[in-house]
Amino acid sequence: MKIIMLGAPGAGKGTQAKMIAEKYQIPHISTGDIFRANIKNGTELGAEAKKYMDQGLLVPDELTVRILLDRVAQEDCAGGYVLDGFPRNIPQAQVLDEALEKLGEKIDMCIDVDVPDENIVRRMSGRRACLKCGATYHLEHIPPRQEGVCDTCGSGLVLREDDKPETVQNRLKVYHEQTQPLIEFYSAKGVLKTVDGTMDVQDVFSAIVGLLG
Ligand code: ADP
Ligand code: ADP
Ligand code: ZN
């Protein structure tokens, strides 16, 4: 099963993608997590990506596409995967399509997690992230067991640099201009499903499981 999670920044794509990955035993692939891991490890790729991420802009396609195609070519992806944060514009979607077509494969479902802009800024300012294992929490909605500490790996939690309100506005703009057109793109392919992302985490997940079967 090859699944794409679509949605605005902070819509809950990552939260749901992790739950899908666990239930269906497929890898969760987040381009944002890959970039953040590279920044944390001080790689050249990380330094390049950071320049864009800090401004709320997309990392150039050339770089992003190479990383994603390398990742999905790995052995653990043979049985499918859930993509979170890729594709983010039409050219990325086209490259992915062509790569899959060459292998005789296709995307089975694109799930749009729908959350209005009004809710997004609140979600982002409350988000706390573990940069070590990629887990995310929310100060009010999904607090960690111990304040400021990751339940999963015990590392310290941070407010991401790009989750500050100034940058969130830019990211929303980029989302509407570049990413939202993918709803039409996948709808035209007949694989688009929409879930109401304003519900509780568990209710959103139940809706997704209902779609995936
Ligand atoms: P969110 O889901 O909260 O928007 P992500 O972790 O998916 O956050 O992305 C954080 C940042 O990483 C983006 O704002 C962008 O700079 C970069 N990024 C992630 N995925 C992509 C992608 N597919 N193409 C270009 N840039 C990306
Ligand atoms: P995305 O990957 O789309 O950027 P996340 O999964 O990181 O979004 O979620 C953004 C923030 O909102 C996080 O702080 C997360 O804990 C919280 N969150 C996720 N899903 C929900 C939900 N259904 N209701 C309330 N808060 C949520
Ligand atoms: Zn952690």
# chains A, B, ... in the order shown; residues from 1 in each chain; ligands from 1
>>> residues_near_ligand(ligand="ligand 3", cutoff="7 Å", atoms="only C-alpha atoms and all ligand atoms", output="list in words")
Cys130, Leu131, Lys132, Cys133, Gly134, Ala135, Cys150, Asp151, Thr152, Cys153, Gly154 and Ser155 of chain A
>>> write_last_selection(atoms="all heavy atoms", output="JSON list (two decimals), in the first residue's frame")
[["chain", "number", "residue", "atom", "x", "y", "z"],
["A", 130, "CYS", "N", 10.33, 16.30, 19.09],
["A", 130, "CYS", "CA", 11.57, 15.63, 19.48],
["A", 130, "CYS", "C", 12.42, 15.52, 18.23],
["A", 130, "CYS", "O", 12.03, 14.87, 17.27],
["A", 130, "CYS", "CB", 11.28, 14.25, 20.04],
["A", 130, "CYS", "SG", 12.80, 13.31, 20.34],
["A", 131, "LEU", "N", 13.55, 16.19, 18.23],
["A", 131, "LEU", "CA", 14.39, 16.18, 17.03],
["A", 131, "LEU", "C", 15.20, 14.89, 16.94],
["A", 131, "LEU", "O", 15.80, 14.60, 15.92],
["A", 131, "LEU", "CB", 15.32, 17.40, 17.01],
["A", 131, "LEU", "CG", 14.60, 18.76, 16.94],
["A", 131, "LEU", "CD1", 15.59, 19.90, 16.88],
["A", 131, "LEU", "CD2", 13.64, 18.83, 15.75],
["A", 132, "LYS", "N", 15.20, 14.11, 18.02],
["A", 132, "LYS", "CA", 15.95, 12.85, 17.98],
["A", 132, "LYS", "C", 15.14, 11.75, 17.28],
["A", 132, "LYS", "O", 15.63, 11.13, 16.35],
["A", 132, "LYS", "CB", 16.33, 12.42, 19.40],
["A", 132, "LYS", "CG", 17.16, 11.17, 19.43],
["A", 132, "LYS", "CD", 18.08, 11.11, 20.63],
["A", 132, "LYS", "CE", 19.01, 9.93, 20.53],
["A", 132, "LYS", "NZ", 18.96, 9.14, 21.77],
["A", 133, "CYS", "N", 13.88, 11.53, 17.70],
["A", 133, "CYS", "CA", 13.12, 10.41, 17.13],
["A", 133, "CYS", "C", 11.95, 10.85, 16.24],
["A", 133, "CYS", "O", 11.28, 10.02, 15.65],
["A", 133, "CYS", "CB", 12.63, 9.46, 18.23],
["A", 133, "CYS", "SG", 11.20, 10.08, 19.12],
["A", 134, "GLY", "N", 11.71, 12.16, 16.15],
["A", 134, "GLY", "CA", 10.66, 12.64, 15.25],
["A", 134, "GLY", "C", 9.26, 12.67, 15.87],
["A", 134, "GLY", "O", 8.31, 13.06, 15.21],
["A", 135, "ALA", "N", 9.13, 12.27, 17.13],
["A", 135, "ALA", "CA", 7.81, 12.30, 17.77],
["A", 135, "ALA", "C", 7.34, 13.75, 17.92],
["A", 135, "ALA", "O", 8.17, 14.64, 18.10],
["A", 135, "ALA", "CB", 7.87, 11.62, 19.14],
["A", 150, "CYS", "N", 10.49, 13.73, 25.72],
["A", 150, "CYS", "CA", 9.87, 12.80, 24.76],
["A", 150, "CYS", "C", 9.51, 11.47, 25.44],
["A", 150, "CYS", "O", 10.36, 10.84, 26.06],
["A", 150, "CYS", "CB", 10.84, 12.56, 23.61],
["A", 150, "CYS", "SG", 10.20, 11.40, 22.38],
["A", 151, "ASP", "N", 8.23, 11.04, 25.30],
["A", 151, "ASP", "CA", 7.78, 9.76, 25.87],
["A", 151, "ASP", "C", 8.58, 8.60, 25.30],
["A", 151, "ASP", "O", 8.84, 7.61, 26.00],
["A", 151, "ASP", "CB", 6.31, 9.48, 25.48],
["A", 151, "ASP", "CG", 5.33, 10.42, 26.18],
["A", 151, "ASP", "OD1", 5.75, 11.20, 27.05],
["A", 151, "ASP", "OD2", 4.13, 10.33, 25.82],
["A", 152, "THR", "N", 8.90, 8.70, 24.03],
["A", 152, "THR", "CA", 9.48, 7.57, 23.32],
["A", 152, "THR", "C", 10.96, 7.39, 23.60],
["A", 152, "THR", "O", 11.42, 6.27, 23.82],
["A", 152, "THR", "CB", 9.29, 7.76, 21.79],
["A", 152, "THR", "OG1", 7.95, 8.16, 21.57],
["A", 152, "THR", "CG2", 9.59, 6.49, 21.02],
["A", 153, "CYS", "N", 11.73, 8.51, 23.59],
["A", 153, "CYS", "CA", 13.18, 8.33, 23.67],
["A", 153, "CYS", "C", 13.84, 9.15, 24.79],
["A", 153, "CYS", "O", 15.05, 9.06, 24.99],
["A", 153, "CYS", "CB", 13.83, 8.66, 22.32],
["A", 153, "CYS", "SG", 13.95, 10.41, 21.98],
["A", 154, "GLY", "N", 13.04, 9.95, 25.52],
["A", 154, "GLY", "CA", 13.59, 10.65, 26.68],
["A", 154, "GLY", "C", 14.36, 11.94, 26.35],
["A", 154, "GLY", "O", 14.88, 12.59, 27.26],
["A", 155, "SER", "N", 14.44, 12.32, 25.06],
["A", 155, "SER", "CA", 15.15, 13.55, 24.71],
["A", 155, "SER", "C", 14.31, 14.78, 25.05],
["A", 155, "SER", "O", 13.10, 14.67, 25.27],
["A", 155, "SER", "CB", 15.45, 13.59, 23.22],
["A", 155, "SER", "OG", 16.32, 12.57, 22.86]]
>>> select_by_dssp(residues="range 49-132 of chain A", states="strand (DSSP E or B)", output="count of residues only")
13
>>> residues_near_ligand(ligand="ligand 2", cutoff="10 Å", atoms="only C-alpha atoms and all ligand atoms", output="PDB file with N, CA, C and O atoms, in the first residue's frame")
ATOM      1  N   MET A   5       0.140  11.471   2.377  1.00  0.00           N
ATOM      2  CA  MET A   5      -0.606  12.346   3.281  1.00  0.00           C
ATOM      3  C   MET A   5      -0.484  13.773   2.758  1.00  0.00           C
ATOM      4  O   MET A   5       0.622  14.296   2.619  1.00  0.00           O
ATOM      5  N   LEU A   6      -1.628  14.380   2.480  1.00  0.00           N
ATOM      6  CA  LEU A   6      -1.649  15.788   2.061  1.00  0.00           C
ATOM      7  C   LEU A   6      -2.264  16.608   3.180  1.00  0.00           C
ATOM      8  O   LEU A   6      -3.026  16.079   3.982  1.00  0.00           O
ATOM      9  N   GLY A   7      -1.963  17.894   3.185  1.00  0.00           N
ATOM     10  CA  GLY A   7      -2.595  18.766   4.170  1.00  0.00           C
ATOM     11  C   GLY A   7      -1.689  19.929   4.485  1.00  0.00           C
ATOM     12  O   GLY A   7      -0.482  19.891   4.217  1.00  0.00           O
ATOM     13  N   ALA A   8      -2.274  20.959   5.087  1.00  0.00           N
ATOM     14  CA  ALA A   8      -1.515  22.150   5.448  1.00  0.00           C
ATOM     15  C   ALA A   8      -0.460  21.788   6.494  1.00  0.00           C
ATOM     16  O   ALA A   8      -0.564  20.747   7.147  1.00  0.00           O
ATOM     17  N   PRO A   9       0.533  22.659   6.655  1.00  0.00           N
ATOM     18  CA  PRO A   9       1.463  22.444   7.764  1.00  0.00           C
ATOM     19  C   PRO A   9       0.673  22.410   9.069  1.00  0.00           C
ATOM     20  O   PRO A   9      -0.183  23.260   9.288  1.00  0.00           O
ATOM     21  N   GLY A  10       0.930  21.416   9.896  1.00  0.00           N
ATOM     22  CA  GLY A  10       0.239  21.328  11.184  1.00  0.00           C
ATOM     23  C   GLY A  10      -1.137  20.689  11.132  1.00  0.00           C
ATOM     24  O   GLY A  10      -1.840  20.631  12.123  1.00  0.00           O
ATOM     25  N   ALA A  11      -1.536  20.163   9.979  1.00  0.00           N
ATOM     26  CA  ALA A  11      -2.859  19.548   9.859  1.00  0.00           C
ATOM     27  C   ALA A  11      -2.946  18.224  10.623  1.00  0.00           C
ATOM     28  O   ALA A  11      -4.041  17.743  10.920  1.00  0.00           O
ATOM     29  N   GLY A  12      -1.787  17.648  10.914  1.00  0.00           N
ATOM     30  CA  GLY A  12      -1.775  16.354  11.606  1.00  0.00           C
ATOM     31  C   GLY A  12      -1.302  15.213  10.713  1.00  0.00           C
ATOM     32  O   GLY A  12      -1.492  14.043  11.041  1.00  0.00           O
ATOM     33  N   LYS A  13      -0.661  15.541   9.613  1.00  0.00           N
ATOM     34  CA  LYS A  13      -0.169  14.506   8.686  1.00  0.00           C
ATOM     35  C   LYS A  13       0.804  13.561   9.384  1.00  0.00           C
ATOM     36  O   LYS A  13       0.713  12.351   9.258  1.00  0.00           O
ATOM     37  N   GLY A  14       1.755  14.151  10.087  1.00  0.00           N
ATOM     38  CA  GLY A  14       2.792  13.339  10.747  1.00  0.00           C
ATOM     39  C   GLY A  14       2.197  12.451  11.822  1.00  0.00           C
ATOM     40  O   GLY A  14       2.517  11.258  11.898  1.00  0.00           O
ATOM     41  N   THR A  15       1.300  13.028  12.620  1.00  0.00           N
ATOM     42  CA  THR A  15       0.659  12.273  13.700  1.00  0.00           C
ATOM     43  C   THR A  15      -0.068  11.053  13.119  1.00  0.00           C
ATOM     44  O   THR A  15       0.087   9.930  13.603  1.00  0.00           O
ATOM     45  N   GLN A  16      -0.838  11.283  12.068  1.00  0.00           N
ATOM     46  CA  GLN A  16      -1.602  10.181  11.462  1.00  0.00           C
ATOM     47  C   GLN A  16      -0.689   9.212  10.712  1.00  0.00           C
ATOM     48  O   GLN A  16      -0.909   8.001  10.753  1.00  0.00           O
ATOM     49  N   ALA A  17       0.321   9.751  10.049  1.00  0.00           N
ATOM     50  CA  ALA A  17       1.222   8.878   9.271  1.00  0.00           C
ATOM     51  C   ALA A  17       1.917   7.880  10.193  1.00  0.00           C
ATOM     52  O   ALA A  17       2.096   6.706   9.833  1.00  0.00           O
ATOM     53  N   LYS A  18       2.293   8.332  11.388  1.00  0.00           N
ATOM     54  CA  LYS A  18       2.955   7.422  12.335  1.00  0.00           C
ATOM     55  C   LYS A  18       2.008   6.303  12.756  1.00  0.00           C
ATOM     56  O   LYS A  18       2.411   5.148  12.893  1.00  0.00           O
ATOM     57  N   SER A  30       9.061  10.890   6.087  1.00  0.00           N
ATOM     58  CA  SER A  30       8.804  12.323   6.185  1.00  0.00           C
ATOM     59  C   SER A  30      10.040  13.051   5.676  1.00  0.00           C
ATOM     60  O   SER A  30      11.119  12.931   6.266  1.00  0.00           O
ATOM     61  N   GLY A  32      10.512  16.196   5.834  1.00  0.00           N
ATOM     62  CA  GLY A  32      10.878  17.159   6.881  1.00  0.00           C
ATOM     63  C   GLY A  32      11.748  16.499   7.951  1.00  0.00           C
ATOM     64  O   GLY A  32      12.760  17.071   8.385  1.00  0.00           O
ATOM     65  N   ASP A  33      11.380  15.287   8.375  1.00  0.00           N
ATOM     66  CA  ASP A  33      12.186  14.566   9.380  1.00  0.00           C
ATOM     67  C   ASP A  33      13.592  14.265   8.829  1.00  0.00           C
ATOM     68  O   ASP A  33      14.576  14.362   9.565  1.00  0.00           O
ATOM     69  N   ASP A  84       4.834  11.508   3.990  1.00  0.00           N
ATOM     70  CA  ASP A  84       4.333  12.617   4.801  1.00  0.00           C
ATOM     71  C   ASP A  84       5.169  13.856   4.479  1.00  0.00           C
ATOM     72  O   ASP A  84       6.332  13.929   4.819  1.00  0.00           O
ATOM     73  N   GLY A  85       4.563  14.784   3.730  1.00  0.00           N
ATOM     74  CA  GLY A  85       5.300  16.001   3.375  1.00  0.00           C
ATOM     75  C   GLY A  85       5.926  15.939   1.995  1.00  0.00           C
ATOM     76  O   GLY A  85       6.634  16.858   1.597  1.00  0.00           O
ATOM     77  N   VAL A 113      -5.761  15.644   4.745  1.00  0.00           N
ATOM     78  CA  VAL A 113      -6.182  15.937   6.120  1.00  0.00           C
ATOM     79  C   VAL A 113      -6.568  17.414   6.145  1.00  0.00           C
ATOM     80  O   VAL A 113      -5.719  18.295   6.080  1.00  0.00           O
ATOM     81  N   ASP A 114      -7.871  17.645   6.188  1.00  0.00           N
ATOM     82  CA  ASP A 114      -8.394  18.982   5.966  1.00  0.00           C
ATOM     83  C   ASP A 114      -8.569  19.748   7.286  1.00  0.00           C
ATOM     84  O   ASP A 114      -9.349  19.335   8.139  1.00  0.00           O
ATOM     85  N   VAL A 115      -7.828  20.831   7.420  1.00  0.00           N
ATOM     86  CA  VAL A 115      -7.922  21.692   8.615  1.00  0.00           C
ATOM     87  C   VAL A 115      -7.861  23.144   8.148  1.00  0.00           C
ATOM     88  O   VAL A 115      -6.937  23.520   7.421  1.00  0.00           O
ATOM     89  N   ASN A 119      -7.272  27.227  12.435  1.00  0.00           N
ATOM     90  CA  ASN A 119      -6.830  26.273  13.464  1.00  0.00           C
ATOM     91  C   ASN A 119      -5.324  26.037  13.442  1.00  0.00           C
ATOM     92  O   ASN A 119      -4.750  25.548  14.409  1.00  0.00           O
ATOM     93  N   ILE A 120      -4.705  26.374  12.292  1.00  0.00           N
ATOM     94  CA  ILE A 120      -3.321  25.957  12.078  1.00  0.00           C
ATOM     95  C   ILE A 120      -2.339  26.681  13.001  1.00  0.00           C
ATOM     96  O   ILE A 120      -1.504  26.028  13.624  1.00  0.00           O
ATOM     97  N   VAL A 121      -2.470  27.987  13.117  1.00  0.00           N
ATOM     98  CA  VAL A 121      -1.486  28.753  13.891  1.00  0.00           C
ATOM     99  C   VAL A 121      -1.471  28.271  15.347  1.00  0.00           C
ATOM    100  O   VAL A 121      -0.421  28.098  15.946  1.00  0.00           O
ATOM    101  N   ARG A 122      -2.675  27.974  15.880  1.00  0.00           N
ATOM    102  CA  ARG A 122      -2.773  27.478  17.250  1.00  0.00           C
ATOM    103  C   ARG A 122      -2.102  26.109  17.381  1.00  0.00           C
ATOM    104  O   ARG A 122      -1.364  25.830  18.319  1.00  0.00           O
ATOM    105  N   ARG A 123      -2.321  25.279  16.407  1.00  0.00           N
ATOM    106  CA  ARG A 123      -1.705  23.952  16.433  1.00  0.00           C
ATOM    107  C   ARG A 123      -0.182  24.050  16.434  1.00  0.00           C
ATOM    108  O   ARG A 123       0.506  23.332  17.137  1.00  0.00           O
ATOM    109  N   MET A 124       0.313  24.973  15.596  1.00  0.00           N
ATOM    110  CA  MET A 124       1.766  25.068  15.429  1.00  0.00           C
ATOM    111  C   MET A 124       2.447  25.653  16.653  1.00  0.00           C
ATOM    112  O   MET A 124       3.531  25.220  17.015  1.00  0.00           O
ATOM    113  N   SER A 125       1.818  26.656  17.274  1.00  0.00           N
ATOM    114  CA  SER A 125       2.493  27.283  18.407  1.00  0.00           C
ATOM    115  C   SER A 125       2.519  26.320  19.592  1.00  0.00           C
ATOM    116  O   SER A 125       3.400  26.399  20.438  1.00  0.00           O
ATOM    117  N   GLY A 126       1.566  25.374  19.633  1.00  0.00           N
ATOM    118  CA  GLY A 126       1.550  24.402  20.729  1.00  0.00           C
ATOM    119  C   GLY A 126       2.347  23.148  20.422  1.00  0.00           C
ATOM    120  O   GLY A 126       2.538  22.292  21.287  1.00  0.00           O
ATOM    121  N   ARG A 127       2.805  23.021  19.181  1.00  0.00           N
ATOM    122  CA  ARG A 127       3.535  21.794  18.818  1.00  0.00           C
ATOM    123  C   ARG A 127       4.899  21.775  19.499  1.00  0.00           C
ATOM    124  O   ARG A 127       5.612  22.782  19.517  1.00  0.00           O
ATOM    125  N   ARG A 128       5.249  20.642  20.050  1.00  0.00           N
ATOM    126  CA  ARG A 128       6.602  20.434  20.568  1.00  0.00           C
ATOM    127  C   ARG A 128       7.139  19.179  19.900  1.00  0.00           C
ATOM    128  O   ARG A 128       6.440  18.165  19.819  1.00  0.00           O
ATOM    129  N   ALA A 129       8.372  19.282  19.430  1.00  0.00           N
ATOM    130  CA  ALA A 129       8.928  18.185  18.630  1.00  0.00           C
ATOM    131  C   ALA A 129      10.165  17.596  19.294  1.00  0.00           C
ATOM    132  O   ALA A 129      10.930  18.296  19.957  1.00  0.00           O
ATOM    133  N   GLY A 134      11.710  12.163  16.152  1.00  0.00           N
ATOM    134  CA  GLY A 134      10.660  12.638  15.250  1.00  0.00           C
ATOM    135  C   GLY A 134       9.261  12.667  15.868  1.00  0.00           C
ATOM    136  O   GLY A 134       8.307  13.056  15.214  1.00  0.00           O
ATOM    137  N   ALA A 135       9.127  12.269  17.129  1.00  0.00           N
ATOM    138  CA  ALA A 135       7.807  12.298  17.768  1.00  0.00           C
ATOM    139  C   ALA A 135       7.344  13.746  17.923  1.00  0.00           C
ATOM    140  O   ALA A 135       8.173  14.640  18.102  1.00  0.00           O
ATOM    141  N   THR A 136       6.009  13.965  17.828  1.00  0.00           N
ATOM    142  CA  THR A 136       5.478  15.309  18.049  1.00  0.00           C
ATOM    143  C   THR A 136       4.397  15.269  19.116  1.00  0.00           C
ATOM    144  O   THR A 136       3.657  14.300  19.237  1.00  0.00           O
ATOM    145  N   TYR A 137       4.314  16.346  19.848  1.00  0.00           N
ATOM    146  CA  TYR A 137       3.332  16.473  20.926  1.00  0.00           C
ATOM    147  C   TYR A 137       2.650  17.816  20.760  1.00  0.00           C
ATOM    148  O   TYR A 137       3.059  18.633  19.933  1.00  0.00           O
ATOM    149  N   HIS A 138       1.609  18.035  21.568  1.00  0.00           N
ATOM    150  CA  HIS A 138       0.975  19.349  21.596  1.00  0.00           C
ATOM    151  C   HIS A 138       0.740  19.719  23.054  1.00  0.00           C
ATOM    152  O   HIS A 138       0.243  18.897  23.827  1.00  0.00           O
ATOM    153  N   LEU A 139       1.109  20.946  23.410  1.00  0.00           N
ATOM    154  CA  LEU A 139       1.016  21.377  24.812  1.00  0.00           C
ATOM    155  C   LEU A 139      -0.353  21.080  25.414  1.00  0.00           C
ATOM    156  O   LEU A 139      -0.455  20.634  26.554  1.00  0.00           O
ATOM    157  N   GLU A 140      -1.437  21.364  24.651  1.00  0.00           N
ATOM    158  CA  GLU A 140      -2.784  21.133  25.194  1.00  0.00           C
ATOM    159  C   GLU A 140      -3.376  19.802  24.760  1.00  0.00           C
ATOM    160  O   GLU A 140      -3.926  19.064  25.562  1.00  0.00           O
ATOM    161  N   HIS A 141      -3.272  19.495  23.457  1.00  0.00           N
ATOM    162  CA  HIS A 141      -4.025  18.349  22.928  1.00  0.00           C
ATOM    163  C   HIS A 141      -3.348  17.015  23.162  1.00  0.00           C
ATOM    164  O   HIS A 141      -4.011  16.011  23.413  1.00  0.00           O
ATOM    165  N   ILE A 142      -2.026  16.989  23.034  1.00  0.00           N
ATOM    166  CA  ILE A 142      -1.312  15.716  23.128  1.00  0.00           C
ATOM    167  C   ILE A 142      -0.038  15.919  23.955  1.00  0.00           C
ATOM    168  O   ILE A 142       1.079  15.879  23.431  1.00  0.00           O
ATOM    169  N   PRO A 143      -0.206  16.198  25.264  1.00  0.00           N
ATOM    170  CA  PRO A 143       0.990  16.499  26.056  1.00  0.00           C
ATOM    171  C   PRO A 143       1.834  15.249  26.320  1.00  0.00           C
ATOM    172  O   PRO A 143       1.289  14.144  26.405  1.00  0.00           O
ATOM    173  N   PRO A 144       3.142  15.434  26.424  1.00  0.00           N
ATOM    174  CA  PRO A 144       3.985  14.296  26.804  1.00  0.00           C
ATOM    175  C   PRO A 144       3.715  13.934  28.267  1.00  0.00           C
ATOM    176  O   PRO A 144       3.186  14.762  29.013  1.00  0.00           O
ATOM    177  N   LEU A 159      10.325  23.777  20.544  1.00  0.00           N
ATOM    178  CA  LEU A 159       9.463  24.471  19.578  1.00  0.00           C
ATOM    179  C   LEU A 159      10.311  24.623  18.325  1.00  0.00           C
ATOM    180  O   LEU A 159      11.373  25.248  18.370  1.00  0.00           O
ATOM    181  N   ASP A 163       8.139  26.861  13.462  1.00  0.00           N
ATOM    182  CA  ASP A 163       6.774  26.872  13.993  1.00  0.00           C
ATOM    183  C   ASP A 163       6.437  28.191  14.675  1.00  0.00           C
ATOM    184  O   ASP A 163       5.352  28.356  15.228  1.00  0.00           O
ATOM    185  N   ASP A 196     -11.744  14.901   7.790  1.00  0.00           N
ATOM    186  CA  ASP A 196     -11.863  16.127   8.576  1.00  0.00           C
ATOM    187  C   ASP A 196     -10.807  16.100   9.681  1.00  0.00           C
ATOM    188  O   ASP A 196     -10.930  15.369  10.659  1.00  0.00           O
ATOM    189  N   GLY A 197      -9.765  16.913   9.499  1.00  0.00           N
ATOM    190  CA  GLY A 197      -8.641  16.901  10.430  1.00  0.00           C
ATOM    191  C   GLY A 197      -8.862  17.686  11.702  1.00  0.00           C
ATOM    192  O   GLY A 197      -7.972  17.754  12.542  1.00  0.00           O
ATOM    193  N   THR A 198     -10.062  18.289  11.851  1.00  0.00           N
ATOM    194  CA  THR A 198     -10.319  19.057  13.077  1.00  0.00           C
ATOM    195  C   THR A 198     -10.832  18.155  14.205  1.00  0.00           C
ATOM    196  O   THR A 198     -10.973  18.598  15.338  1.00  0.00           O
ATOM    197  N   MET A 199     -11.113  16.895  13.884  1.00  0.00           N
ATOM    198  CA  MET A 199     -11.589  15.971  14.928  1.00  0.00           C
ATOM    199  C   MET A 199     -10.419  15.566  15.827  1.00  0.00           C
ATOM    200  O   MET A 199      -9.265  15.853  15.546  1.00  0.00           O
ATOM    201  N   ASP A 200     -10.737  14.859  16.916  1.00  0.00           N
ATOM    202  CA  ASP A 200      -9.686  14.319  17.788  1.00  0.00           C
ATOM    203  C   ASP A 200      -8.790  13.370  17.004  1.00  0.00           C
ATOM    204  O   ASP A 200      -9.240  12.758  16.037  1.00  0.00           O
ATOM    205  N   VAL A 201      -7.562  13.239  17.489  1.00  0.00           N
ATOM    206  CA  VAL A 201      -6.587  12.378  16.812  1.00  0.00           C
ATOM    207  C   VAL A 201      -7.165  10.982  16.527  1.00  0.00           C
ATOM    208  O   VAL A 201      -7.042  10.469  15.412  1.00  0.00           O
ATOM    209  N   GLN A 202      -7.814  10.394  17.523  1.00  0.00           N
ATOM    210  CA  GLN A 202      -8.316   9.020  17.355  1.00  0.00           C
ATOM    211  C   GLN A 202      -9.450   8.965  16.342  1.00  0.00           C
ATOM    212  O   GLN A 202      -9.572   7.986  15.601  1.00  0.00           O
ATOM    213  N   ASP A 203     -10.285  10.006  16.299  1.00  0.00           N
ATOM    214  CA  ASP A 203     -11.400  10.017  15.352  1.00  0.00           C
ATOM    215  C   ASP A 203     -10.901  10.200  13.922  1.00  0.00           C
ATOM    216  O   ASP A 203     -11.432   9.604  12.985  1.00  0.00           O
ATOM    217  N   VAL A 204      -9.865  11.028  13.767  1.00  0.00           N
ATOM    218  CA  VAL A 204      -9.278  11.178  12.429  1.00  0.00           C
ATOM    219  C   VAL A 204      -8.714   9.826  11.995  1.00  0.00           C
ATOM    220  O   VAL A 204      -8.934   9.385  10.858  1.00  0.00           O
ATOM    221  N   PHE A 205      -8.042   9.165  12.925  1.00  0.00           N
ATOM    222  CA  PHE A 205      -7.433   7.875  12.582  1.00  0.00           C
ATOM    223  C   PHE A 205      -8.500   6.834  12.214  1.00  0.00           C
ATOM    224  O   PHE A 205      -8.342   6.094  11.242  1.00  0.00           O
TER     225      PHE A 205
END
>>> closest_residue(among="A:Gln92, A:Gln25, A:Val72, A:Cys110", to="Ala188 in chain A", atoms="only C-alpha atoms")
A:Cys110
>>> select_by_dssp(residues="range 31-163 of chain A", states="helix (DSSP H, G or I)", output="ChimeraX atom specification")
/A:31-40,44-53,61-72,75-77,90-102,117-126,161-163
>>> write_last_selection(atoms="C-alpha atoms", output="mmCIF file, in the first residue's frame")
data_model
loop_
_atom_site.group_PDB
_atom_site.id
_atom_site.type_symbol
_atom_site.label_atom_id
_atom_site.label_comp_id
_atom_site.auth_asym_id
_atom_site.auth_seq_id
_atom_site.Cartn_x
_atom_site.Cartn_y
_atom_site.Cartn_z
ATOM 1 C CA THR A 31 11.024 14.567 4.078
ATOM 2 C CA GLY A 32 10.878 17.159 6.881
ATOM 3 C CA ASP A 33 12.186 14.566 9.380
ATOM 4 C CA ILE A 34 14.972 13.599 6.963
ATOM 5 C CA PHE A 35 15.997 17.248 6.604
ATOM 6 C CA ARG A 36 15.841 17.850 10.364
ATOM 7 C CA ALA A 37 17.962 14.763 11.058
ATOM 8 C CA ASN A 38 20.542 16.102 8.596
ATOM 9 C CA ILE A 39 20.523 19.529 10.240
ATOM 10 C CA LYS A 40 20.986 17.924 13.639
ATOM 11 C CA GLU A 44 26.027 19.474 4.018
ATOM 12 C CA LEU A 45 22.520 18.541 2.946
ATOM 13 C CA GLY A 46 21.217 19.776 6.298
ATOM 14 C CA ALA A 47 22.963 23.130 5.929
ATOM 15 C CA GLU A 48 21.490 23.587 2.451
ATOM 16 C CA ALA A 49 17.949 22.596 3.507
ATOM 17 C CA LYS A 50 18.030 24.818 6.612
ATOM 18 C CA LYS A 51 18.434 27.963 4.512
ATOM 19 C CA TYR A 52 14.972 27.375 3.057
ATOM 20 C CA MET A 53 13.231 25.760 6.010
ATOM 21 C CA ASP A 61 13.011 20.094 -5.864
ATOM 22 C CA GLU A 62 16.305 18.777 -7.188
ATOM 23 C CA LEU A 63 17.565 18.060 -3.685
ATOM 24 C CA THR A 64 14.256 16.890 -2.241
ATOM 25 C CA VAL A 65 13.376 14.552 -5.092
ATOM 26 C CA ARG A 66 16.779 12.844 -5.009
ATOM 27 C CA ILE A 67 16.451 12.138 -1.295
ATOM 28 C CA LEU A 68 12.917 10.832 -1.604
ATOM 29 C CA LEU A 69 13.632 8.558 -4.571
ATOM 30 C CA ASP A 70 16.679 7.110 -2.780
ATOM 31 C CA ARG A 71 14.566 6.437 0.271
ATOM 32 C CA VAL A 72 11.674 4.683 -1.490
ATOM 33 C CA GLU A 75 14.305 -2.644 0.651
ATOM 34 C CA ASP A 76 11.921 -1.867 3.496
ATOM 35 C CA CYS A 77 9.727 0.082 1.046
ATOM 36 C CA ILE A 90 3.109 19.450 -8.950
ATOM 37 C CA PRO A 91 6.659 18.899 -10.308
ATOM 38 C CA GLN A 92 7.511 16.653 -7.316
ATOM 39 C CA ALA A 93 4.300 14.677 -7.857
ATOM 40 C CA GLN A 94 5.132 14.225 -11.532
ATOM 41 C CA VAL A 95 8.640 12.960 -10.795
ATOM 42 C CA LEU A 96 7.244 10.487 -8.266
ATOM 43 C CA ASP A 97 4.617 9.314 -10.759
ATOM 44 C CA GLU A 98 7.199 8.738 -13.469
ATOM 45 C CA ALA A 99 9.508 6.853 -11.119
ATOM 46 C CA LEU A 100 6.660 4.600 -9.991
ATOM 47 C CA GLU A 101 5.427 4.072 -13.530
ATOM 48 C CA LYS A 102 8.845 2.760 -14.552
ATOM 49 C CA ASP A 117 -6.111 28.024 8.385
ATOM 50 C CA GLU A 118 -7.697 29.455 11.568
ATOM 51 C CA ASN A 119 -6.830 26.273 13.464
ATOM 52 C CA ILE A 120 -3.321 25.957 12.078
ATOM 53 C CA VAL A 121 -1.486 28.753 13.891
ATOM 54 C CA ARG A 122 -2.773 27.478 17.250
ATOM 55 C CA ARG A 123 -1.705 23.952 16.433
ATOM 56 C CA MET A 124 1.766 25.068 15.429
ATOM 57 C CA SER A 125 2.493 27.283 18.407
ATOM 58 C CA GLY A 126 1.550 24.402 20.729
ATOM 59 C CA GLU A 161 12.288 27.286 14.623
ATOM 60 C CA ASP A 162 9.826 27.247 11.716
ATOM 61 C CA ASP A 163 6.774 26.872 13.993
#
